[in-house]
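For reference, target-v9.cif is printed below; it contains mmCIF, C-alpha atoms and all ligand atoms.
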data_final
loop_
_atom_site.label_atom_id
_atom_site.label_comp_id
_atom_site.auth_asym_id
_atom_site.auth_seq_id
_atom_site.Cartn_x
_atom_site.Cartn_y
_atom_site.Cartn_z
CA MET C 10 18.19 -4.49 4.99
CA LYS C 11 18.11 -6.38 1.73
CA ASP C 12 18.53 -4.77 -1.69
CA PRO C 13 15.22 -4.07 -3.40
CA LYS C 14 14.15 -6.44 -6.16
CA ILE C 15 13.27 -4.40 -9.22
CA LEU C 16 10.88 -6.11 -11.63
CA VAL C 17 9.99 -4.48 -14.95
CA PHE C 18 7.04 -5.61 -17.07
CA GLU C 19 6.04 -4.87 -20.64
CA ASP C 20 2.72 -3.42 -19.59
CA LYS C 21 0.26 -3.02 -16.69
CA GLN C 22 -1.52 -6.28 -17.42
CA LYS C 23 1.66 -8.33 -17.22
CA LEU C 24 2.61 -6.42 -14.06
CA VAL C 25 -0.62 -7.20 -12.23
CA LYS C 26 -0.52 -10.85 -13.28
CA ALA C 27 2.99 -11.16 -11.87
CA PHE C 28 2.02 -9.27 -8.74
CA THR C 29 -0.93 -11.59 -8.21
CA ASN C 30 1.44 -14.57 -8.34
CA HIS C 31 3.68 -12.78 -5.85
CA PHE C 32 0.67 -12.14 -3.59
CA ILE C 33 -0.39 -15.80 -3.73
CA ASN C 34 3.17 -17.01 -3.10
CA LEU C 35 3.48 -14.79 -0.04
CA MET C 36 0.06 -15.93 1.16
CA ASN C 37 1.11 -19.58 0.82
CA LEU C 38 4.01 -18.94 3.19
CA LYS C 39 1.45 -18.66 5.99
CA LYS C 40 -1.23 -21.02 7.22
CA SER C 41 -3.00 -18.37 9.31
CA ASN C 42 -4.32 -14.90 8.50
CA PHE C 43 -2.54 -13.04 5.70
CA ASN C 44 -2.50 -9.39 6.74
CA VAL C 45 -2.21 -6.88 3.91
CA ALA C 46 -2.13 -3.08 3.80
CA LEU C 47 -3.52 -1.82 0.50
CA SER C 48 -2.50 1.41 -1.17
CA GLY C 49 -4.92 4.00 -2.46
CA GLY C 50 -4.94 6.11 -5.57
CA SER C 51 -5.72 4.68 -9.01
CA THR C 52 -3.00 2.08 -9.65
CA PRO C 53 -4.57 -0.65 -7.46
CA LYS C 54 -7.69 -0.64 -9.66
CA ILE C 55 -5.94 -2.59 -12.43
CA TRP C 56 -4.82 -5.22 -9.92
CA PHE C 57 -8.28 -5.48 -8.39
CA GLU C 58 -9.76 -6.01 -11.84
CA GLU C 59 -7.28 -8.86 -12.40
CA LEU C 60 -8.21 -10.42 -9.05
CA VAL C 61 -11.94 -10.22 -9.79
CA LYS C 62 -11.54 -11.51 -13.36
CA ASN C 63 -9.18 -14.41 -12.68
CA HIS C 64 -8.88 -15.11 -8.95
CA LYS C 65 -12.30 -14.68 -7.35
CA ASP C 66 -12.47 -18.34 -6.40
CA ASP C 67 -8.88 -19.54 -6.13
CA ILE C 68 -7.81 -17.24 -3.33
CA ASP C 69 -8.91 -18.24 0.18
CA TRP C 70 -10.36 -14.84 1.08
CA ASP C 71 -11.30 -16.15 4.55
CA ARG C 72 -7.58 -15.93 5.38
CA VAL C 73 -7.02 -12.49 3.87
CA HIS C 74 -7.31 -9.49 6.19
CA LEU C 75 -7.31 -6.15 4.41
CA TYR C 76 -6.07 -2.91 5.90
CA TRP C 77 -5.02 0.34 4.23
CA GLY C 78 -1.68 2.12 4.19
CA ASP C 79 -3.57 5.37 4.19
CA GLU C 80 -7.04 6.84 3.86
CA ARG C 81 -8.42 10.20 2.98
CA CYS C 82 -10.51 11.77 5.78
CA VAL C 83 -13.76 11.47 3.90
CA PRO C 84 -16.82 9.21 4.27
CA PRO C 85 -16.45 5.69 2.82
CA ASP C 86 -18.85 6.48 -0.03
CA ASP C 87 -16.92 9.59 -1.05
CA GLU C 88 -15.28 9.38 -4.49
CA ASP C 89 -11.90 10.11 -2.85
CA SER C 90 -12.16 7.25 -0.35
CA ASN C 91 -9.50 4.54 -0.78
CA TYR C 92 -11.84 2.11 0.97
CA GLY C 93 -14.67 3.20 -1.34
CA MET C 94 -12.50 2.58 -4.41
CA THR C 95 -11.51 -0.85 -3.08
CA LYS C 96 -15.15 -1.70 -2.35
CA LYS C 97 -16.20 -0.73 -5.86
CA TYR C 98 -13.41 -2.56 -7.69
CA LEU C 99 -12.78 -5.52 -5.37
CA LEU C 100 -14.79 -6.04 -2.19
CA ASP C 101 -18.19 -6.00 -3.88
CA HIS C 102 -17.05 -8.81 -6.18
CA ILE C 103 -15.37 -11.32 -3.84
CA ASN C 104 -16.53 -13.41 -0.89
CA ILE C 105 -14.44 -11.88 1.88
CA PRO C 106 -15.87 -11.84 5.41
CA ALA C 107 -16.83 -8.36 6.63
CA GLU C 108 -14.72 -8.89 9.75
CA ASN C 109 -11.65 -9.21 7.51
CA ILE C 110 -11.99 -5.60 6.38
CA HIS C 111 -10.17 -3.18 8.67
CA ARG C 112 -10.84 0.23 7.17
CA ILE C 113 -9.70 3.56 8.51
CA LEU C 114 -12.81 5.48 9.64
CA GLY C 115 -12.42 8.38 7.22
CA GLU C 116 -15.76 9.83 8.21
CA GLN C 117 -14.53 10.42 11.76
CA ASN C 118 -12.49 13.30 13.14
CA PRO C 119 -8.95 12.57 11.76
CA GLU C 120 -7.30 12.32 15.17
CA LYS C 121 -10.03 9.96 16.38
CA ALA C 122 -9.74 7.89 13.20
CA ALA C 123 -5.98 7.61 13.70
CA ASP C 124 -6.46 6.53 17.31
CA HIS C 125 -9.07 3.95 16.31
CA TYR C 126 -6.78 2.55 13.60
CA LYS C 127 -3.83 2.45 16.01
CA VAL C 128 -5.89 0.25 18.35
CA GLU C 129 -7.04 -1.92 15.42
CA LEU C 130 -3.41 -2.41 14.35
CA PHE C 131 -2.20 -3.13 17.87
CA GLN C 132 -5.03 -5.55 18.67
CA ASN C 133 -4.69 -7.56 15.46
CA LEU C 134 -1.10 -7.30 14.29
CA SER C 135 1.09 -6.64 17.24
CA GLN C 136 2.89 -9.35 19.13
CA GLY C 137 3.74 -6.87 21.81
CA SER C 138 5.78 -4.66 19.52
CA VAL C 139 5.22 -2.75 16.29
CA PRO C 140 2.26 -4.13 14.28
CA ILE C 141 3.60 -6.47 11.59
CA PHE C 142 2.01 -6.76 8.16
CA ASP C 143 2.69 -9.73 5.93
CA LEU C 144 2.52 -7.40 2.95
CA VAL C 145 2.36 -3.63 2.54
CA ILE C 146 1.44 -2.47 -0.96
CA LEU C 147 2.54 1.05 -1.82
CA GLY C 148 1.99 3.51 -4.61
CA LEU C 149 4.36 6.33 -5.52
CA GLY C 150 3.39 9.91 -6.09
CA ASP C 151 5.34 11.89 -8.68
CA ASP C 152 6.41 14.15 -5.80
CA GLY C 153 7.96 11.18 -4.01
CA HIS C 154 5.21 10.64 -1.46
CA THR C 155 4.05 7.19 -0.48
CA ALA C 156 1.08 6.17 1.62
CA SER C 157 0.11 9.68 2.73
CA ILE C 158 3.49 10.85 3.91
CA PHE C 159 4.38 13.84 1.74
CA PRO C 160 7.77 15.55 1.37
CA HIS C 161 6.63 18.67 3.21
CA GLN C 162 5.84 16.55 6.26
CA ILE C 163 8.62 14.00 5.98
CA GLU C 164 9.11 14.13 9.74
CA LEU C 165 5.90 12.11 10.02
CA TRP C 166 7.74 9.18 8.44
CA ASP C 167 9.90 8.87 11.55
CA SER C 168 7.05 9.36 14.03
CA GLU C 169 7.02 7.01 17.02
CA LYS C 170 3.33 6.49 16.26
CA TYR C 171 1.95 3.67 14.12
CA CYS C 172 -0.28 6.03 12.16
CA VAL C 173 -0.52 9.79 11.88
CA VAL C 174 -2.74 12.52 10.50
CA ALA C 175 -1.12 14.07 7.42
CA THR C 176 -2.10 16.90 5.10
CA HIS C 177 -2.10 16.90 1.31
CA PRO C 178 0.29 19.70 0.24
CA ASP C 179 -1.99 21.15 -2.44
CA SER C 180 -5.54 20.52 -1.28
CA GLY C 181 -4.84 20.80 2.46
CA LYS C 182 -7.14 17.81 2.88
CA ARG C 183 -6.27 15.54 5.78
CA ARG C 184 -5.44 11.89 5.63
CA VAL C 185 -4.54 9.09 8.03
CA SER C 186 -1.34 7.28 7.10
CA LEU C 187 0.84 4.46 8.37
CA THR C 188 4.28 5.65 9.44
CA GLY C 189 7.71 4.37 8.46
CA ARG C 190 8.08 2.22 11.56
CA VAL C 191 5.08 0.10 10.52
CA ILE C 192 5.83 0.08 6.79
CA ASN C 193 9.47 -0.87 7.35
CA GLY C 194 8.43 -3.46 9.93
CA ALA C 195 6.50 -5.46 7.33
CA ARG C 196 7.55 -8.93 6.21
CA SER C 197 7.26 -7.79 2.62
CA VAL C 198 6.71 -4.45 0.89
CA ALA C 199 5.82 -3.94 -2.76
CA PHE C 200 5.61 -0.77 -4.80
CA LEU C 201 3.24 -0.92 -7.75
CA VAL C 202 4.17 1.89 -10.14
CA THR C 203 2.99 2.41 -13.71
CA GLY C 204 3.10 5.10 -16.35
CA ASP C 205 5.70 7.45 -17.80
CA LYS C 206 4.72 10.24 -15.40
CA LYS C 207 6.48 8.30 -12.63
CA ALA C 208 9.68 7.62 -14.63
CA ASP C 209 11.66 10.54 -13.23
CA ILE C 210 10.79 9.97 -9.60
CA VAL C 211 11.43 6.23 -9.94
CA MET C 212 14.86 6.94 -11.42
CA GLU C 213 15.73 9.49 -8.72
CA ILE C 214 14.81 7.10 -5.93
CA LEU C 215 16.29 3.89 -7.33
CA HIS C 216 19.49 5.62 -8.38
CA LYS C 217 19.63 7.45 -5.03
CA LYS C 218 20.07 10.74 -6.84
CA GLU C 219 21.14 13.81 -4.84
CA GLY C 220 18.17 15.15 -2.91
CA SER C 221 16.18 11.94 -3.21
CA ALA C 222 16.43 11.39 0.56
CA SER C 223 13.82 14.13 0.86
CA TYR C 224 11.26 11.82 -0.71
CA PRO C 225 9.32 9.70 1.81
CA ALA C 226 9.28 6.83 -0.71
CA SER C 227 13.08 6.75 -0.55
CA ARG C 228 12.79 5.89 3.16
CA VAL C 229 11.02 2.59 2.43
CA SER C 230 13.58 0.02 3.50
CA PRO C 231 12.15 -2.93 5.44
CA GLU C 232 14.33 -3.85 8.42
CA LYS C 233 13.91 -7.61 8.00
CA GLY C 234 11.47 -7.90 5.13
CA ASN C 235 11.78 -7.85 1.35
CA LEU C 236 11.19 -4.85 -0.88
CA TYR C 237 9.94 -5.30 -4.43
CA TRP C 238 9.38 -2.68 -7.10
CA PHE C 239 6.81 -3.80 -9.67
CA LEU C 240 7.23 -1.38 -12.58
CA ASP C 241 5.82 -1.27 -16.06
CA LYS C 242 8.19 -0.26 -18.86
CA PRO C 243 7.06 3.38 -19.03
CA ALA C 244 7.63 3.86 -15.28
CA ALA C 245 11.04 2.17 -15.56
CA SER C 246 12.06 4.00 -18.74
CA HIS C 247 14.57 6.30 -17.04
CA ILE C 248 16.42 3.73 -14.95
CA SER C 249 19.51 2.02 -16.31
CA GLU C 250 19.77 -1.75 -16.08
C1 LIG M 1 -3.32 7.70 -1.91
C2 LIG M 1 -2.19 6.75 -1.95
C3 LIG M 1 -0.98 7.35 -2.57
C4 LIG M 1 -0.93 6.76 -3.97
C5 LIG M 1 0.03 7.52 -4.84
C6 LIG M 1 0.01 6.98 -6.27
O1 LIG M 1 -4.16 7.61 -1.01
O2 LIG M 1 -3.38 8.51 -2.87
O3 LIG M 1 -2.06 5.82 -1.11
O4 LIG M 1 0.21 7.07 -1.89
O5 LIG M 1 -0.55 5.39 -3.89
O6 LIG M 1 -0.36 8.88 -4.85
O7 LIG M 1 -1.29 7.17 -6.77
P1 LIG M 1 -1.71 6.63 -8.24
O8 LIG M 1 -1.75 5.15 -8.13
O9 LIG M 1 -3.07 7.23 -8.45
O10 LIG M 1 -0.65 7.13 -9.18
#
Before anything else, please render the file you have as structure tokens.
Ligand code: 6PG
Amino acid sequence: MKDPKILVFEDKQKLVKAFTNHFINLMNLKKSNFNVALSGGSTPKIWFEELVKNHKDDIDWDRVHLYWGDERCVPPDDEDSNYGMTKKYLLDHINIPAENIHRILGEQNPEKAADHYKVELFQNLSQGSVPIFDLVILGLGDDGHTASIFPHQIELWDSEKYCVVATHPDSGKRRVSLTGRVINGARSVAFLVTGDKKADIVMEILHKKEGSASYPASRVSPEKGNLYWFLDKPAASHISE
């Protein structure tokens, strides 16, 4: 496992411009499909806006296959849907083939949705072993969760499964999430973290503070791939150089 590369940017705009270059560089390493797992939440919106504003036409979307690291168990048009957010901020504005979109069926029974996604992953990304993403993009919750693996269910991170049904600790709402074996099997993993609310959790994880092993995000450590932390200054404000 390689040491994470920690990149700090003045602000969100500079972060997403740098991340876009990173995305394009990774994409150019492959001639075939570029398989990406997107994160949910709000942070990706600023990146999607950058893509739509400045890269609608210079990215070969025919080669990009989009998956999700996690999805809330809600219909795709629900305001909580990660797919729905991505559709609103990105998919509706770029020419990406419908068959390149591999969403988690949030409207289905969670166990059925997880089974469907497992098959989708195995059929498209597995060369006989664990499904391999070219890039997994992750967010970080201020409680140390990532994807939809939360501290109170950290055992799900080590599940033998490719994806599991998890439960939000406060709302009790269910979600489908990739597990650690898929996330850590990726060729490249990138956290996108912004804002001063994340400064403490970022510091605890990057400085491996006592107790930080209880955070699922601290378990992100690609076996063969690279790990990047894209941070804006506020999110990085509690880490020492
Ligand atoms: C989700 C996410 C989750 C998210 C973090 C950070 O479905 O909510 O995948 O892991 O990335 O909670 O969310 P923000 O970007 O909104 O801070």
In the coordinate frame of the file, compute which residues have an atom within 8 Å of (16.5, 9.3, -4.6) when using only C-alpha atoms, and state them as a CSV table (one decimal) with C-alpha atoms, in the coordinates of the input.
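New file selection28.csv:
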chain,number,residue,atom,x,y,z
C,210,ILE,CA,10.8,10.0,-9.6
C,211,VAL,CA,11.4,6.2,-9.9
C,212,MET,CA,14.9,6.9,-11.4
C,213,GLU,CA,15.7,9.5,-8.7
C,214,ILE,CA,14.8,7.1,-5.9
C,215,LEU,CA,16.3,3.9,-7.3
C,216,HIS,CA,19.5,5.6,-8.4
C,217,LYS,CA,19.6,7.4,-5.0
C,218,LYS,CA,20.1,10.7,-6.8
C,219,GLU,CA,21.1,13.8,-4.8
C,220,GLY,CA,18.2,15.2,-2.9
C,221,SER,CA,16.2,11.9,-3.2
C,222,ALA,CA,16.4,11.4,0.6
C,223,SER,CA,13.8,14.1,0.9
C,224,TYR,CA,11.3,11.8,-0.7
C,227,SER,CA,13.1,6.8,-0.6
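Across the model, the gap from CA of Pro178 (chain C) to CA of Phe142 (chain C) is 27.7 Å.
In terms of minimum interatomic distance to Pro53 (chain C), C:Thr203 ranks closest within C:Asn30, C:Pro85, C:Thr203, C:Glu116, counting all atoms listed in the file.
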One decimal, Å: what's the distance from CA of Pro140 (chain C) over to CA of Ile110 (chain C), could you say? 16.4 Å
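Taking only C-alpha atoms and all ligand atoms into account, the protein and nucleic acid residues that come at most 7 Å from ligand LIG 1 (chain M) are Ser48, Gly49, Gly50, Ser51, Thr52, Pro53, Gly78, Asp79, Glu80, Arg81, Asn91, Leu147, Gly148, Leu149, Gly150, His154, Thr155, Ala156 and Ser157 of chain C.
Restricting the calculation to all atoms listed in the file, the smallest distance between Trp166 (chain C) and any of C:Asn193, C:Arg183, C:Phe28, C:Asn235 is found for C:Asn193.
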